[in-house]
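Written below as structure tokens is the structure these notes are about.
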Amino acid sequence: MRVWPLFGITRLLTEPRELTARAATLQLGRVFRRSLHLYPIDAGNSNSLNMEIAALKQAQYNLHRFGIFFTDTPRHADLILLLGEPLQSLREPLERTLEQVPRPFGVLWMRERLRDSAAVSAAVAVEIGALVERAGGALVATIDEPSGPDEIIGALRSVMGKGVGR
Amino acid sequence: MKLLLGLPRGASGEQALILEDGMLRLLPGREHDADLFLETLLLGRDRRVGNGHSTGEGVFDFRYGPFTGGLGETGLIHLSTYGERILAVEIDLSVKHRGVETSLEGLPIDGALSRAELVCGNFAFAHAHAFARAVERALDIHVNERSRRLSLAALELERIYNHLYVITRLAEAAAQKVLASHLGALFEEALRTNQRYGGSRFLHGVRRIGGIAVRDEGSLEETAARVHSIAARFADLYHSSLSSRNYLDRLHGIARIERGHAEMRSLTGPSLRAAGSDADLRTREDLLGEFRPVVRDEGDSLARMEVRSEEILQSCSIVEAQIAALRADDGRPAAAGSGEGTDRVPVTVVGLGAAEGASGVIAWAVATDGVTVQSAYASTPSLFGYQVFAEALTGHIFTDFPFALDSFGLSFADAAR
């Protein structure tokens, strides 16, 4: 039988990554340059974005080296990861949750394949922008169908005001 | 075994979607042997499942969700408790109901297939496969052996990453940090394998009507090599984890289910197989040869983890075997979509299709005229899974909650559609 801690150090899992950033990203301000705390909110996606966030936390990406951490409560968050197009049934809980986030804070919105027509989705985007603003936050970027964790980390680094790079 | 999977509404009124000996059938009216409880569950499937709520001195409603890290996705669970033991569990599915089936009506078949995947992103291939099978049966479209083998491999790739995700969450809940880190890394490896195989980390858009689209021949060889490596690394982790008493103690005896009761609730998949049943649609796949499902008798979270773990190894072998069989073939390109049989048919026809997904049987009943979808009905394993989970959790304490929930591998998106 191997002891777990020894199991852990026999293989280096963290990888150097080529980070990308596709969407225009707003920098949140110098206060978040060294650390950024994230709280994901599933607003009604099909679960693949939740899985993508789970993948983002894995050892290959080692988010902590970038100063990026996940929190268990919105009250400790700097940036909300909004996952999916918010369902009508979740708009009110979403607004109430955003009101709990200390200011200044940002919202990084990730969308999967659109459920509705482009016109309906555009109208929803305006509503979500207004909802975030009402709660005192800033919508820093909208990423449609993220290609994987590298793109998400690239966007997060941009929010922190750092280069994409490796 | 005869299971009631749904009550779709057809042109002539309500029908019963039945799964019997691996075959789907639609029966007119409510001609089924299921009890009234299951019928009520299916009629109210967009609202709430569970065993209601409890009252009494000091009993309160502990509302867990909709946004909480403990669930892994948005969902709402009401736990009736006096602070220690859970007395009743009610799950509100309405918060994540998206009306996916209704949104398919009137769409061209290919567009509907693509949207059917959105029922549940992590069971996307199984949904697409079952939906495509329903259309192919309705329109009598032939799928060649190569595409069937590639679909079988894709179903197993989906099973591998979902099972890895479930076991990672169980290890995290049990504070097995090193195990969880390694399993999580394998989960990411599995997603990268999917990307290489079908061009999508979650196998989205891979299944087509009449065929399947994989990237290229090289991707198959790389997939086989990657899956081989995942199997070797996972086997090492799994066997080491079985010597960790802290880990096993947290899972042993949690949310135990009885086979007879689970079947009465139409439970399928690894959770049912962990309770002693060998029901698995893959036993009917002639291309899998002598397939033997992984079965355990205990019916608790530990048994469910063991079944999923051994299924990962089994799935890796299936993927490798299917790719080896294709290699032995003459190397014909995979049929990506097909025009055969998709001409407009004079009347609406209904087709049924099912797939053994990562957490149970996914079934679709699709009515089409050959061009557009007239109506569609999805039966999802998570609906029945949540009902059984609610009943199994009752009587436990909140500390047991993650071990009970995660071991079932359910998804709110899948149940709420």
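Please note that chains go A, B, ... in the order of the structure tokens, that every chain numbers its residues from 1, and that ligands are numbered from 1 in the order shown.
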
Would you list, as an NGL selection string, the residues of range 82-143 of chain B that end up in alpha helix (DSSP H) under DSSP run on this structure's backbone?
:B and (100-104 or 109-116 or 124-138)

Restricted to N, CA and C atoms, what would the selected residues look like written as a short mmCIF file (atom, residue, chain, number, x, y, z; two decimals), in the first residue's frame?
```cif
data_model
loop_
_atom_site.label_atom_id
_atom_site.label_comp_id
_atom_site.auth_asym_id
_atom_site.auth_seq_id
_atom_site.Cartn_x
_atom_site.Cartn_y
_atom_site.Cartn_z
N VAL B 100 -36.99 22.36 -23.01
CA VAL B 100 -36.21 21.97 -24.20
C VAL B 100 -37.08 21.18 -25.19
N GLU B 101 -37.88 20.25 -24.69
CA GLU B 101 -38.69 19.42 -25.61
C GLU B 101 -39.63 20.29 -26.44
N THR B 102 -40.31 21.21 -25.78
CA THR B 102 -41.26 22.09 -26.50
C THR B 102 -40.53 22.91 -27.55
N SER B 103 -39.29 23.34 -27.21
CA SER B 103 -38.55 24.20 -28.14
C SER B 103 -38.12 23.45 -29.41
N LEU B 104 -38.23 22.13 -29.41
CA LEU B 104 -37.85 21.35 -30.60
C LEU B 104 -38.96 21.32 -31.64
N ILE B 109 -35.00 18.65 -38.45
CA ILE B 109 -34.51 17.53 -37.62
C ILE B 109 -33.08 17.75 -37.13
N ASP B 110 -32.18 18.23 -38.01
CA ASP B 110 -30.79 18.43 -37.59
C ASP B 110 -30.67 19.48 -36.48
N GLY B 111 -31.46 20.54 -36.62
CA GLY B 111 -31.45 21.60 -35.60
C GLY B 111 -31.99 21.07 -34.28
N ALA B 112 -33.01 20.23 -34.37
CA ALA B 112 -33.60 19.67 -33.14
C ALA B 112 -32.61 18.73 -32.47
N LEU B 113 -31.87 17.97 -33.27
CA LEU B 113 -30.87 17.05 -32.71
C LEU B 113 -29.83 17.84 -31.91
N SER B 114 -29.39 18.94 -32.50
CA SER B 114 -28.39 19.77 -31.85
C SER B 114 -28.93 20.36 -30.54
N ARG B 115 -30.21 20.72 -30.56
CA ARG B 115 -30.78 21.32 -29.34
C ARG B 115 -31.12 20.26 -28.30
N ALA B 116 -31.39 19.03 -28.74
CA ALA B 116 -31.69 17.95 -27.78
C ALA B 116 -30.51 17.72 -26.84
N ALA B 124 -24.70 14.83 -23.16
CA ALA B 124 -25.09 15.33 -24.48
C ALA B 124 -25.06 14.24 -25.54
N PHE B 125 -24.01 13.42 -25.51
CA PHE B 125 -23.93 12.41 -26.57
C PHE B 125 -25.03 11.37 -26.41
N ALA B 126 -25.30 10.95 -25.17
CA ALA B 126 -26.35 9.95 -24.95
C ALA B 126 -27.70 10.50 -25.40
N HIS B 127 -27.96 11.78 -25.11
CA HIS B 127 -29.22 12.38 -25.56
C HIS B 127 -29.28 12.43 -27.08
N ALA B 128 -28.18 12.87 -27.69
CA ALA B 128 -28.16 12.98 -29.15
C ALA B 128 -28.31 11.59 -29.78
N HIS B 129 -27.67 10.61 -29.17
CA HIS B 129 -27.71 9.25 -29.71
C HIS B 129 -29.13 8.68 -29.64
N ALA B 130 -29.77 8.86 -28.48
CA ALA B 130 -31.14 8.35 -28.32
C ALA B 130 -32.09 9.10 -29.26
N PHE B 131 -31.91 10.41 -29.37
CA PHE B 131 -32.77 11.22 -30.26
C PHE B 131 -32.56 10.78 -31.72
N ALA B 132 -31.31 10.64 -32.12
CA ALA B 132 -31.01 10.25 -33.50
C ALA B 132 -31.55 8.86 -33.80
N ARG B 133 -31.43 7.95 -32.83
CA ARG B 133 -31.97 6.60 -33.03
C ARG B 133 -33.47 6.64 -33.23
N ALA B 134 -34.15 7.50 -32.46
CA ALA B 134 -35.61 7.62 -32.60
C ALA B 134 -35.96 8.09 -34.01
N VAL B 135 -35.23 9.09 -34.50
CA VAL B 135 -35.50 9.61 -35.85
C VAL B 135 -35.15 8.55 -36.90
N GLU B 136 -34.02 7.89 -36.70
CA GLU B 136 -33.60 6.87 -37.67
C GLU B 136 -34.61 5.72 -37.75
N ARG B 137 -35.17 5.36 -36.60
CA ARG B 137 -36.19 4.29 -36.62
C ARG B 137 -37.46 4.79 -37.27
N ALA B 138 -37.83 6.04 -36.97
CA ALA B 138 -39.07 6.58 -37.55
C ALA B 138 -38.96 6.64 -39.07
#
```

Residue hits in chain B, query chain A, radius 7 Å, only C-alpha atoms, as a VMD selection string
chain B and resid 67 69 73 to 74 95 to 96 118 to 122 178 181 184 to 185 188 240 413

Serialized selection, C-alpha atoms, as a PDB file, in the first residue's frame:
```pdb
ATOM      1  CA  PHE B  67     -27.140  28.839  -5.756  1.00  0.00           C
ATOM      2  CA  GLY B  69     -21.443  25.265  -4.225  1.00  0.00           C
ATOM      3  CA  GLU B  73     -25.127  23.181 -10.330  1.00  0.00           C
ATOM      4  CA  THR B  74     -28.259  25.196  -9.722  1.00  0.00           C
ATOM      5  CA  VAL B  95     -36.110  26.384 -11.054  1.00  0.00           C
ATOM      6  CA  LYS B  96     -34.137  24.784 -13.868  1.00  0.00           C
ATOM      7  CA  LEU B 118     -28.927  20.892 -24.351  1.00  0.00           C
ATOM      8  CA  VAL B 119     -31.182  18.822 -22.089  1.00  0.00           C
ATOM      9  CA  CYS B 120     -28.004  17.917 -20.260  1.00  0.00           C
ATOM     10  CA  GLY B 121     -24.576  19.043 -21.441  1.00  0.00           C
ATOM     11  CA  ASN B 122     -22.716  16.241 -19.710  1.00  0.00           C
ATOM     12  CA  VAL B 178      -4.507  13.707  -3.031  1.00  0.00           C
ATOM     13  CA  SER B 181      -6.461  15.882  -7.265  1.00  0.00           C
ATOM     14  CA  GLY B 184      -9.655  15.478 -11.177  1.00  0.00           C
ATOM     15  CA  ALA B 185      -6.595  15.527 -13.413  1.00  0.00           C
ATOM     16  CA  GLU B 188      -9.564  16.805 -17.435  1.00  0.00           C
ATOM     17  CA  SER B 240      -5.040   2.443  -3.685  1.00  0.00           C
ATOM     18  CA  ALA B 413     -30.534  20.031 -15.955  1.00  0.00           C
TER      19      ALA B 413
END
```

Output as a Markdown table one row per residue of range 20-102 of chain A within 7 Å of range 129-139 of chain A: the closest atom pair and its distance in Å to one decimal place, counting only C-alpha atoms, sorted by chain and residue number ascending.
```
| residue | atom | partner | partner_atom | distance |
| --- | --- | --- | --- | --- |
| A:Glu95 | CA | A:Leu131 | CA | 6.7 |
| A:Leu98 | CA | A:Ala135 | CA | 5.9 |
| A:Glu99 | CA | A:Ala135 | CA | 5.2 |
```

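Relative to CA of Gly29 in chain B, CA of Leu17 in chain B is found at 10.3 Å.
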
Quick one, how far is CA of Ile91 in chain B from CA of Ala255 in chain B?
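Spanning CA of Ile91 in chain B to CA of Ala255 in chain B is a straight-line distance of 16.2 Å.
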
Give me, please, the distance in Å between CA of Ile230 in chain B and CA of Tyr165 in chain B, quoted to one decimal.
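One can read the CA of Ile230 in chain B to CA of Tyr165 in chain B distance as 13.5 Å.
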
Show me, as a list in words, the residues that have an atom within 9 Å of range 385-387 of chain B when counting only C-alpha atoms, minus same-chain residues fewer than 6 positions from it.
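The residues satisfying every condition are Leu41, Val49, Gly50, Asn51, Glu90, Ile91, Ala262, Arg265, Ser266, Leu267, Thr268, Ser271, Ser359, Gly360, Leu405, Phe408, Gly409, Leu410, Ser411, Phe412 and Ala415 of chain B.
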